[in-house]
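Okay, so here's the structure we're looking at.
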2 protein chains.
Amino acid sequence: MADYTTPPSDQLAAATLNDDVSASTVKKHQFSDRVLIRSIVSRPDGGAGLAGQRVRVGGWVKTGREQGKGSFAFLEVNDGSCPANLQVIVDAAVADLAQLVQTGTSVSVEGMLKNPPEGTKQKVELRVEKVIDVGTVDPAKYPIPKTKLTLEFLRDRIHFRPRTNTISAVARIRNALAFATHTFFQEHGFLYVHTPIVTTSDCEGAGEMFQVTTLINEAERVEKELIKNPPPSEADIEAANLVAEEKAETVKKLKSDKADKAVIKASVAELNKARENVAKLVERSKLKPGIPQKDGKIDYGQDFFGRQAFLTVSGQLQVETYACAVSNVYTFGPTFRAENSHTSRHLAEFWMVEPEIAFADLKDDMNCAEAYVKFMCHWLLDKCLDDMEFMAKNYDKTCIDRLRMVASTPFERISYTEAVELLLVAVKEGKKFENAVEWGIDLASEHERYLTEVKFQKPVIVYNYPKGIKAFYMRVNDDLKTVAAMDVLVPKVGELIGGSQREERIDIIKDRILEMGLPLEPYEWYLDLRRFGTVKHCGFGLGFERMILFATGIDNIRDVIPFPRYPGRADL
Amino acid sequence: MADYTTPPSDQLAAATLNDDVSASTVKKHQFSDRVLIRSIVSRPDGGAGLAGQRVRVGGWVKTGREQGKGSFAFLEVNDGSCPANLQVIVDAAVADLAQLVQTGTSVSVEGMLKNPPEGTKQKVELRVEKVIDVGTVDPAKYPIPKTKLTLEFLRDRIHFRPRTNTISAVARIRNALAFATHTFFQEHGFLYVHTPIVTTSDCEGAGEMFQVTTLINEAERVEKELIKNPPPSEADIEAANLVAEEKAETVKKLKSDKADKAVIKASVAELNKARENVAKLVERSKLKPGIPQKDGKIDYGQDFFGRQAFLTVSGQLQVETYACAVSNVYTFGPTFRAENSHTSRHLAEFWMVEPEIAFADLKDDMNCAEAYVKFMCHWLLDKCLDDMEFMAKNYDKTCIDRLRMVASTPFERISYTEAVELLLVAVKEGKKFENAVEWGIDLASEHERYLTEVKFQKPVIVYNYPKGIKAFYMRVNDDLKTVAAMDVLVPKVGELIGGSQREERIDIIKDRILEMGLPLEPYEWYLDLRRFGTVKHCGFGLGFERMILFATGIDNIRDVIPFPRYPGRADL
């Protein structure tokens, strides 16, 4: 058995995805002797300078072929650390080549890095000296053969799709954007706050929320229990009562007879047992199959949290309690909608980034949103250019240019009223929209995309929306017609960010809640933030998957989240 | 109204929590003119070198007092960016001092930084020239007065508790540990994978899982609908049928009479309408109140995901699909247990960090776990020493020493068998445990704490546990009695991490599943990872709240998560 007693060596330098790859030796993998393929092939010299070094790599064979009449094999091996493969050469003397060359085979091998002959594409290749482990594949049965596979096909093989070039590139881009998000907010003094997933605030209308419950399981448990062990009948209880009464008589008699104390004690014990039995039977007789009811309604008092609970649709209201205490905060977590949408833009479970800033107004909010989006674009160009090149080649040839443009162009900022005027001009000039344009409408996706893609050809921030189409918590402007809301529109996806300055004035926000026909009681905690030490504050939400669609040019949101959830589907 | 058209200035340098505070000017706040109080008072010189600079700050008054017969006031202002307050001095000419001095008042003020008179505690204070905004507090009604409040009391005022010194310090420590986690894994080439919250894999036994459903809402909707608009009776349907038959007769007659085509067409239209009406009534007559049933069971085919769905208890099995494709991955997200536990160590919703490493064995797993825990300890000592000092002073005077010890001491590594032998020696020497010690038991918390706190007085990794007490996916060792599992035990909390090498051999893992009385079918996707290109891999899970308890010395887990969820409680 292995020796586990040696602590990790401090000499093992960490290999990172963001390594300086100009060093003349390969960085060792972090906790074992394996090195990441990225640390070899993603160097500016393509790994050429590493010739002569002995390394161990692990990965899956993308393609393999036997050569020289079966005397050796070429394998293209990928370990997911970068889009590029490492070319690996294995002699027939070292391993069973027929096994190794199958697509999908896993290999852990050790060998010497060498410069390949002049004129080949690779700058470095690995000559294998030792095959440590092989995980074979029966090509007749492998669910994702080497042929070109559609993204739809892969959605039905969700546990294998990260082995494809596309989904692994998406995984690296998604990872990069997540770390860029944390880095941006941390560098700017924001605290990451974990807002709850399970919530009892049904602020946005329970209809579109998933319910979280233990009532159904509990009802099924009781039902099974009652079938196995039926509840007592009234006759059972009566019989048990009779027994208890008899025992009571006996005790009474023994006492009046002044019987031996030990005998009385034993008799009392029997009486108690009989009474306990009655109580138990009465308790069990109350057990009813089905979900517990009270006054004709479901009795949520018996649910796990003692009341009705849901999956959150946004962490905003909760994170405001932290913004109104520690000033700069953000959430980054999953949110949920039980909408029956089957479009390529909707998921039932998706990730949102929601910063909230105290002592700040709508302009600060826009500044923050613009800086954040630009930061992410720079980050991808800086850290994921190889993956972006893959996307440009296979999915959207404009995606790199789009990132560059957004990273470097000041966002256009126009009021909602100006936006409507521009759309009306466009209509006059012959542009056809499916949705009629007039002041007061919620801008449709076609309007948003016209503004950002056609009219300005760059990101656009639209601000000061009509009060009537926006949420109660958005700050009413001095015109009393609009609220201090803003949306960031970008080419390819339209709305990427929605935000607002929050209404900090207690009287106005109370009026707004009542105006919308909502009850005040569930919002008392939220109103408290305005009653005691209220501050101007603002925030926004970015749909994380939308950002990935924007960056990669991929069309369907189901392909940019590892495990998509939508009506009828929640695989694994 | 504000001018929103100016894009953010590139000249506004970002103020960060991790700033180099040795610069001679205050760093501007990121998106507005506000500066973080941390960027003033947390400098090595306490801010002394910043005298003469004009700044704007925002925050909440911790304490305030009028002085000089009401001619000016001292305010201790905190904005959550660090534990220290900024001393702010306001003249009566500038503002209503009686309002400002109340604890909890929010202030946004501008003024000049000055060196206070010799002999005072502060190195710098702010002389206010302009009060921009004030959010007042009625001290008679403020829910968290200045007096010392217990953590229990604060749990009932969850929306205000981040305004306290303790909960804001916990928020900063939690934030630091979260970013340390991402930094550690990113630096080591791991991809952050968002595993799903809603899952249809009920691998760990449905009893302890929360159910996610839209069936109850839908049933309530139908019920309400039926009360408002009762379903048709059989007589209603019969009547509608009669109407349709009459219409059919009419059409028949018109056709045989060779009536005008337009008349026939109109009549056919009426017939179709009547038939549609029948169909609608029949459809509505099927509507039944209550949760839909099929074959005597709940019909989950009608639930949102087309089958029974739950909140995840762990992302491990799902993230393995990524480890078996892109080699180094981790999850960091919420997980759920519907256990009816009322202890200070259990939550229904808690955060877990779960790395998974391909081409790696149990030793690599231990190396990774040890390096990760040490990294977090170093990070806190480096970035949060002021908050740690607050914790040491108020909650656990040993907490800083504990971090230092864990950061610098190699973890002891012993096999389970050795651990049991050591415990038996302890028993022999007179140590009393509540749980009997013998080979084969699951170590209890008291055993774990004895090993790490008494016997070794440092972190201990126990590895190779008996097969019978561990999960099916852990790799069977050559002795066929133990599995390649490991737990990291640390002083103060006992088990901090649990992990294992995963069983990569298809035949053995199938046997293990069946041995445990589990069905194979739900695990077919998991088995597929072993059928095609299988690799040696390992991983572990760290309970994030446990790490915070370990670091801070706080006793109750409900105080180290922003919005604790436990039986009977899910505030906000």
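How things are named: the first chain in the structure tokens is A, the next is B, and so on; residues count from 1 in each chain; ligands count from 1 in the order shown.
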Considering only helix (DSSP H, G or I) as DSSP defines it on the backbone, what residues of stretch 395-507 of chain B qualify? List them as a PDB file with N, CA, C and O atoms, in the first residue's frame.
ATOM      1  N   CYS B 399      -7.433  31.993  19.122  1.00  0.00           N
ATOM      2  CA  CYS B 399      -7.722  31.767  17.694  1.00  0.00           C
ATOM      3  C   CYS B 399      -6.568  32.171  16.766  1.00  0.00           C
ATOM      4  O   CYS B 399      -6.339  31.529  15.748  1.00  0.00           O
ATOM      5  N   ILE B 400      -5.853  33.228  17.116  1.00  0.00           N
ATOM      6  CA  ILE B 400      -4.734  33.624  16.246  1.00  0.00           C
ATOM      7  C   ILE B 400      -3.585  32.620  16.343  1.00  0.00           C
ATOM      8  O   ILE B 400      -3.008  32.208  15.326  1.00  0.00           O
ATOM      9  N   ASP B 401      -3.291  32.189  17.577  1.00  0.00           N
ATOM     10  CA  ASP B 401      -2.243  31.167  17.740  1.00  0.00           C
ATOM     11  C   ASP B 401      -2.602  29.893  16.981  1.00  0.00           C
ATOM     12  O   ASP B 401      -1.734  29.238  16.406  1.00  0.00           O
ATOM     13  N   ARG B 402      -3.895  29.559  17.003  1.00  0.00           N
ATOM     14  CA  ARG B 402      -4.328  28.344  16.314  1.00  0.00           C
ATOM     15  C   ARG B 402      -4.082  28.459  14.815  1.00  0.00           C
ATOM     16  O   ARG B 402      -3.571  27.533  14.176  1.00  0.00           O
ATOM     17  N   LEU B 403      -4.423  29.611  14.235  1.00  0.00           N
ATOM     18  CA  LEU B 403      -4.159  29.822  12.803  1.00  0.00           C
ATOM     19  C   LEU B 403      -2.666  29.704  12.508  1.00  0.00           C
ATOM     20  O   LEU B 403      -2.260  29.073  11.528  1.00  0.00           O
ATOM     21  N   ARG B 404      -1.848  30.336  13.360  1.00  0.00           N
ATOM     22  CA  ARG B 404      -0.399  30.297  13.135  1.00  0.00           C
ATOM     23  C   ARG B 404       0.131  28.873  13.193  1.00  0.00           C
ATOM     24  O   ARG B 404       0.947  28.452  12.375  1.00  0.00           O
ATOM     25  N   MET B 405      -0.350  28.137  14.197  1.00  0.00           N
ATOM     26  CA  MET B 405       0.118  26.759  14.366  1.00  0.00           C
ATOM     27  C   MET B 405      -0.257  25.923  13.140  1.00  0.00           C
ATOM     28  O   MET B 405       0.576  25.223  12.571  1.00  0.00           O
ATOM     29  N   VAL B 406      -1.524  26.018  12.715  1.00  0.00           N
ATOM     30  CA  VAL B 406      -1.968  25.188  11.583  1.00  0.00           C
ATOM     31  C   VAL B 406      -1.251  25.600  10.295  1.00  0.00           C
ATOM     32  O   VAL B 406      -0.889  24.758   9.469  1.00  0.00           O
ATOM     33  N   ALA B 407      -1.019  26.898  10.132  1.00  0.00           N
ATOM     34  CA  ALA B 407      -0.341  27.374   8.924  1.00  0.00           C
ATOM     35  C   ALA B 407       1.081  26.847   8.829  1.00  0.00           C
ATOM     36  O   ALA B 407       1.593  26.649   7.729  1.00  0.00           O
ATOM     37  N   SER B 408       1.706  26.587   9.966  1.00  0.00           N
ATOM     38  CA  SER B 408       3.144  26.299   9.922  1.00  0.00           C
ATOM     39  C   SER B 408       3.514  24.870  10.301  1.00  0.00           C
ATOM     40  O   SER B 408       4.666  24.467  10.118  1.00  0.00           O
ATOM     41  N   TYR B 416      -6.443   4.841  10.122  1.00  0.00           N
ATOM     42  CA  TYR B 416      -7.572   4.615  11.032  1.00  0.00           C
ATOM     43  C   TYR B 416      -7.183   3.577  12.078  1.00  0.00           C
ATOM     44  O   TYR B 416      -7.485   3.729  13.268  1.00  0.00           O
ATOM     45  N   THR B 417      -6.512   2.522  11.633  1.00  0.00           N
ATOM     46  CA  THR B 417      -6.127   1.451  12.560  1.00  0.00           C
ATOM     47  C   THR B 417      -5.218   1.997  13.658  1.00  0.00           C
ATOM     48  O   THR B 417      -5.406   1.700  14.849  1.00  0.00           O
ATOM     49  N   GLU B 418      -4.250   2.839  13.263  1.00  0.00           N
ATOM     50  CA  GLU B 418      -3.390   3.471  14.270  1.00  0.00           C
ATOM     51  C   GLU B 418      -4.198   4.374  15.194  1.00  0.00           C
ATOM     52  O   GLU B 418      -3.957   4.436  16.406  1.00  0.00           O
ATOM     53  N   ALA B 419      -5.157   5.098  14.613  1.00  0.00           N
ATOM     54  CA  ALA B 419      -5.986   6.008  15.414  1.00  0.00           C
ATOM     55  C   ALA B 419      -6.735   5.230  16.490  1.00  0.00           C
ATOM     56  O   ALA B 419      -6.762   5.632  17.659  1.00  0.00           O
ATOM     57  N   VAL B 420      -7.317   4.092  16.092  1.00  0.00           N
ATOM     58  CA  VAL B 420      -8.063   3.280  17.059  1.00  0.00           C
ATOM     59  C   VAL B 420      -7.115   2.767  18.145  1.00  0.00           C
ATOM     60  O   VAL B 420      -7.453   2.786  19.338  1.00  0.00           O
ATOM     61  N   GLU B 421      -5.908   2.340  17.746  1.00  0.00           N
ATOM     62  CA  GLU B 421      -4.939   1.874  18.751  1.00  0.00           C
ATOM     63  C   GLU B 421      -4.606   2.973  19.757  1.00  0.00           C
ATOM     64  O   GLU B 421      -4.559   2.746  20.969  1.00  0.00           O
ATOM     65  N   LEU B 422      -4.407   4.198  19.257  1.00  0.00           N
ATOM     66  CA  LEU B 422      -4.095   5.317  20.146  1.00  0.00           C
ATOM     67  C   LEU B 422      -5.250   5.606  21.101  1.00  0.00           C
ATOM     68  O   LEU B 422      -5.040   5.914  22.276  1.00  0.00           O
ATOM     69  N   LEU B 423      -6.462   5.498  20.580  1.00  0.00           N
ATOM     70  CA  LEU B 423      -7.628   5.750  21.434  1.00  0.00           C
ATOM     71  C   LEU B 423      -7.750   4.670  22.509  1.00  0.00           C
ATOM     72  O   LEU B 423      -8.081   4.952  23.668  1.00  0.00           O
ATOM     73  N   LEU B 424      -7.436   3.414  22.124  1.00  0.00           N
ATOM     74  CA  LEU B 424      -7.502   2.326  23.099  1.00  0.00           C
ATOM     75  C   LEU B 424      -6.461   2.511  24.199  1.00  0.00           C
ATOM     76  O   LEU B 424      -6.738   2.249  25.381  1.00  0.00           O
ATOM     77  N   VAL B 425      -5.273   2.988  23.802  1.00  0.00           N
ATOM     78  CA  VAL B 425      -4.236   3.278  24.805  1.00  0.00           C
ATOM     79  C   VAL B 425      -4.746   4.352  25.765  1.00  0.00           C
ATOM     80  O   VAL B 425      -4.618   4.246  26.984  1.00  0.00           O
ATOM     81  N   ALA B 426      -5.383   5.384  25.191  1.00  0.00           N
ATOM     82  CA  ALA B 426      -5.905   6.476  26.022  1.00  0.00           C
ATOM     83  C   ALA B 426      -6.939   5.949  27.018  1.00  0.00           C
ATOM     84  O   ALA B 426      -6.927   6.320  28.204  1.00  0.00           O
ATOM     85  N   VAL B 427      -7.825   5.055  26.540  1.00  0.00           N
ATOM     86  CA  VAL B 427      -8.850   4.478  27.413  1.00  0.00           C
ATOM     87  C   VAL B 427      -8.187   3.713  28.552  1.00  0.00           C
ATOM     88  O   VAL B 427      -8.561   3.842  29.722  1.00  0.00           O
ATOM     89  N   LYS B 428      -7.166   2.941  28.151  1.00  0.00           N
ATOM     90  CA  LYS B 428      -6.430   2.148  29.145  1.00  0.00           C
ATOM     91  C   LYS B 428      -5.803   3.056  30.203  1.00  0.00           C
ATOM     92  O   LYS B 428      -5.742   2.728  31.385  1.00  0.00           O
ATOM     93  N   SER B 445     -17.044  12.589  17.399  1.00  0.00           N
ATOM     94  CA  SER B 445     -16.407  13.895  17.547  1.00  0.00           C
ATOM     95  C   SER B 445     -15.440  13.909  18.730  1.00  0.00           C
ATOM     96  O   SER B 445     -14.344  14.447  18.646  1.00  0.00           O
ATOM     97  N   GLU B 446     -15.820  13.283  19.843  1.00  0.00           N
ATOM     98  CA  GLU B 446     -14.941  13.264  21.019  1.00  0.00           C
ATOM     99  C   GLU B 446     -13.620  12.546  20.721  1.00  0.00           C
ATOM    100  O   GLU B 446     -12.562  12.944  21.215  1.00  0.00           O
ATOM    101  N   HIS B 447     -13.678  11.489  19.898  1.00  0.00           N
ATOM    102  CA  HIS B 447     -12.450  10.777  19.535  1.00  0.00           C
ATOM    103  C   HIS B 447     -11.562  11.663  18.661  1.00  0.00           C
ATOM    104  O   HIS B 447     -10.353  11.747  18.855  1.00  0.00           O
ATOM    105  N   GLU B 448     -12.226  12.296  17.671  1.00  0.00           N
ATOM    106  CA  GLU B 448     -11.473  13.148  16.741  1.00  0.00           C
ATOM    107  C   GLU B 448     -10.801  14.289  17.497  1.00  0.00           C
ATOM    108  O   GLU B 448      -9.627  14.600  17.269  1.00  0.00           O
ATOM    109  N   ARG B 449     -11.539  14.905  18.403  1.00  0.00           N
ATOM    110  CA  ARG B 449     -10.975  16.049  19.130  1.00  0.00           C
ATOM    111  C   ARG B 449      -9.879  15.606  20.083  1.00  0.00           C
ATOM    112  O   ARG B 449      -8.904  16.326  20.297  1.00  0.00           O
ATOM    113  N   TYR B 450     -10.009  14.407  20.654  1.00  0.00           N
ATOM    114  CA  TYR B 450      -8.915  13.902  21.489  1.00  0.00           C
ATOM    115  C   TYR B 450      -7.630  13.784  20.670  1.00  0.00           C
ATOM    116  O   TYR B 450      -6.556  14.220  21.100  1.00  0.00           O
ATOM    117  N   LEU B 451      -7.757  13.213  19.473  1.00  0.00           N
ATOM    118  CA  LEU B 451      -6.558  13.006  18.645  1.00  0.00           C
ATOM    119  C   LEU B 451      -5.893  14.331  18.282  1.00  0.00           C
ATOM    120  O   LEU B 451      -4.687  14.498  18.413  1.00  0.00           O
ATOM    121  N   THR B 452      -6.685  15.308  17.826  1.00  0.00           N
ATOM    122  CA  THR B 452      -6.092  16.553  17.334  1.00  0.00           C
ATOM    123  C   THR B 452      -5.763  17.539  18.452  1.00  0.00           C
ATOM    124  O   THR B 452      -4.771  18.247  18.375  1.00  0.00           O
ATOM    125  N   GLU B 453      -6.589  17.542  19.518  1.00  0.00           N
ATOM    126  CA  GLU B 453      -6.385  18.550  20.578  1.00  0.00           C
ATOM    127  C   GLU B 453      -5.488  18.064  21.698  1.00  0.00           C
ATOM    128  O   GLU B 453      -4.714  18.829  22.262  1.00  0.00           O
ATOM    129  N   VAL B 454      -5.596  16.773  22.040  1.00  0.00           N
ATOM    130  CA  VAL B 454      -4.847  16.265  23.194  1.00  0.00           C
ATOM    131  C   VAL B 454      -3.619  15.479  22.756  1.00  0.00           C
ATOM    132  O   VAL B 454      -2.496  15.822  23.097  1.00  0.00           O
ATOM    133  N   LYS B 455      -3.855  14.457  21.934  1.00  0.00           N
ATOM    134  CA  LYS B 455      -2.757  13.543  21.600  1.00  0.00           C
ATOM    135  C   LYS B 455      -1.676  14.238  20.755  1.00  0.00           C
ATOM    136  O   LYS B 455      -0.503  14.185  21.084  1.00  0.00           O
ATOM    137  N   LYS B 467     -14.240  -0.282   5.374  1.00  0.00           N
ATOM    138  CA  LYS B 467     -15.142  -0.242   4.235  1.00  0.00           C
ATOM    139  C   LYS B 467     -16.597  -0.086   4.668  1.00  0.00           C
ATOM    140  O   LYS B 467     -17.371   0.658   4.048  1.00  0.00           O
ATOM    141  N   GLY B 468     -16.975  -0.749   5.727  1.00  0.00           N
ATOM    142  CA  GLY B 468     -18.383  -0.837   6.127  1.00  0.00           C
ATOM    143  C   GLY B 468     -19.005   0.484   6.534  1.00  0.00           C
ATOM    144  O   GLY B 468     -20.222   0.634   6.486  1.00  0.00           O
ATOM    145  N   ILE B 469     -18.195   1.458   6.954  1.00  0.00           N
ATOM    146  CA  ILE B 469     -18.777   2.718   7.422  1.00  0.00           C
ATOM    147  C   ILE B 469     -18.641   3.830   6.386  1.00  0.00           C
ATOM    148  O   ILE B 469     -18.956   4.979   6.668  1.00  0.00           O
ATOM    149  N   ILE B 506     -14.665  -0.536 -12.717  1.00  0.00           N
ATOM    150  CA  ILE B 506     -16.097  -0.714 -12.967  1.00  0.00           C
ATOM    151  C   ILE B 506     -16.682  -1.908 -12.221  1.00  0.00           C
ATOM    152  O   ILE B 506     -17.758  -1.804 -11.615  1.00  0.00           O
ATOM    153  N   ASP B 507     -15.988  -3.048 -12.216  1.00  0.00           N
ATOM    154  CA  ASP B 507     -16.584  -4.235 -11.590  1.00  0.00           C
ATOM    155  C   ASP B 507     -16.701  -4.057 -10.082  1.00  0.00           C
ATOM    156  O   ASP B 507     -17.711  -4.422  -9.478  1.00  0.00           O
TER     157      ASP B 507
END
Using only C-alpha atoms, find each residue of chain A with at least one atom at most 6 Å away from an atom of chain B; report its shortest atom-to-atom pair and that distance in Å (one decimal), sort the rows by chain and rising residue number, and return the result as CSV.
residue,atom,partner,partner_atom,distance
A:Tyr4,CA,B:Lys363,CA,5.5
A:Thr5,CA,B:Arg413,CA,5.5
A:Pro8,CA,B:Asn367,CA,5.2
A:Ala14,CA,B:His188,CA,5.8
A:Ala15,CA,B:His188,CA,5.6
A:Thr16,CA,B:Gly189,CA,4.5
A:Leu17,CA,B:Gly189,CA,4.9
A:Phe31,CA,B:Asp364,CA,5.2
A:Ser32,CA,B:Asp364,CA,5.7
A:Asp79,CA,B:Val326,CA,5.4
A:Gly80,CA,B:Val326,CA,3.7
A:Gly104,CA,B:Gly533,CA,5.6
A:Thr105,CA,B:Gly533,CA,4.4
A:Ser106,CA,B:Gly533,CA,4.6
A:Gly135,CA,B:Gly533,CA,4.2
A:Thr136,CA,B:Gly533,CA,5.1
A:Val137,CA,B:Phe532,CA,4.8
A:His159,CA,B:Thr321,CA,5.4
A:Pro162,CA,B:Ala325,CA,5.7
A:Arg163,CA,B:Ala325,CA,4.7
A:Asn175,CA,B:Tyr192,CA,5.3
A:Glu187,CA,B:Thr16,CA,4.9
A:His188,CA,B:Thr16,CA,4.7
A:Gly189,CA,B:Thr16,CA,4.4
A:Leu191,CA,B:Asn175,CA,5.7
A:Tyr192,CA,B:Asn175,CA,5.2
A:Pro196,CA,B:Phe563,CA,6.0
A:Thr200,CA,B:Leu572,CA,5.7
A:Ser201,CA,B:Leu572,CA,5.4
A:Phe210,CA,B:Thr214,CA,5.7
A:Gln211,CA,B:Thr213,CA,5.4
A:Val212,CA,B:Val212,CA,4.9
A:Thr213,CA,B:Gln211,CA,5.4
A:Thr214,CA,B:Phe210,CA,5.7
A:Phe304,CA,B:Pro567,CA,5.6
A:Phe305,CA,B:Gly568,CA,3.9
A:Gly306,CA,B:Gly568,CA,4.5
A:Thr321,CA,B:His159,CA,5.4
A:Ala325,CA,B:Arg163,CA,4.7
A:Val326,CA,B:Gly80,CA,3.7
A:Ser327,CA,B:Asp79,CA,5.9
A:Lys363,CA,B:Tyr4,CA,5.5
A:Asp364,CA,B:Phe31,CA,5.2
A:Asn367,CA,B:Pro8,CA,5.2
A:Cys368,CA,B:Phe31,CA,5.8
A:Arg413,CA,B:Thr5,CA,5.5
A:Phe532,CA,B:Val137,CA,4.8
A:Gly533,CA,B:Gly135,CA,4.2
A:Thr534,CA,B:Gly135,CA,4.6
A:Phe563,CA,B:Pro196,CA,6.0
A:Pro567,CA,B:Phe305,CA,5.2
A:Gly568,CA,B:Phe305,CA,3.9
A:Arg569,CA,B:Phe305,CA,5.1
A:Leu572,CA,B:Ser201,CA,5.4
Of the candidates B:Glu223, B:Glu249, B:Glu238, B:Glu110, which one gets nearest to B:Pro292 if we count only C-alpha atoms?
->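 Result for the nearest residue to B:Pro292: B:Glu223.
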Could you please determine the separation between atom CA of A:Glu152 and atom CA of A:Arg345 in Å, to one decimal place?
->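 These atoms are spaced 14.8 Å apart.
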d(atom CA of A:Ile89, atom CA of A:Val77) in Å |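 One can read the atom CA of A:Ile89 to atom CA of A:Val77 distance as 10.2 Å.
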How many Å separate atom CA of B:Val490 from atom CA of B:Met474?
->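 Separation of atom CA of B:Val490 and atom CA of B:Met474: 22.5 Å.
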Extract, using only C-alpha atoms, all DNA, RNA and protein residues at most 9 Å from B:Gly70, discarding same-chain residues fewer than 5 positions from it, and format them as a list in words.
->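 The neighbour list is Asp91, Ala92, Leu97 and Ala98 of chain B.
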How would the residues just chosen look if you wrote them out with all heavy atoms as a tab-separated table (two decimals), in the first residue's frame?
chain	number	residue	atom	x	y	z
B	91	ASP	N	-19.00	70.55	13.55
B	91	ASP	CA	-19.39	71.76	14.27
B	91	ASP	C	-20.89	71.95	14.23
B	91	ASP	O	-21.55	71.57	13.26
B	91	ASP	CB	-18.73	73.00	13.62
B	91	ASP	CG	-17.30	73.16	14.08
B	91	ASP	OD1	-16.97	72.66	15.19
B	91	ASP	OD2	-16.50	73.76	13.34
B	92	ALA	N	-21.42	72.59	15.27
B	92	ALA	CA	-22.85	72.84	15.34
B	92	ALA	C	-23.33	73.71	14.18
B	92	ALA	O	-24.47	73.63	13.76
B	92	ALA	CB	-23.21	73.50	16.67
B	97	LEU	N	-26.59	68.61	15.52
B	97	LEU	CA	-25.75	67.62	16.20
B	97	LEU	C	-26.57	66.57	16.95
B	97	LEU	O	-26.18	65.40	17.03
B	97	LEU	CB	-24.80	68.32	17.17
B	97	LEU	CG	-23.84	69.34	16.54
B	97	LEU	CD1	-22.87	69.87	17.59
B	97	LEU	CD2	-23.07	68.71	15.38
B	98	ALA	N	-27.71	66.97	17.49
B	98	ALA	CA	-28.53	66.04	18.28
B	98	ALA	C	-28.94	64.83	17.45
B	98	ALA	O	-28.99	63.70	17.94
B	98	ALA	CB	-29.77	66.76	18.80
If you count only C-alpha atoms, which residues fall within 8 Å of B:Ser267, apart from same-chain ones fewer than 5 positions away, as a PyMOL selection string?
-> chain B and resi 247+250-251
So which residues of stretch 192-286 of chain A fall under strand (DSSP E or B) by DSSP, listed as JSON, numbers by chain?
-> {"A": [192, 198, 199, 211, 212, 213]}
Residues at most 7 Å from stretch 544-546 of chain A, counting only C-alpha atoms, excluding those fewer than 5 positions away in the same chain, as an MDAnalysis selection string?
-> chainID A and resid 351:353 493 496 557 560:561
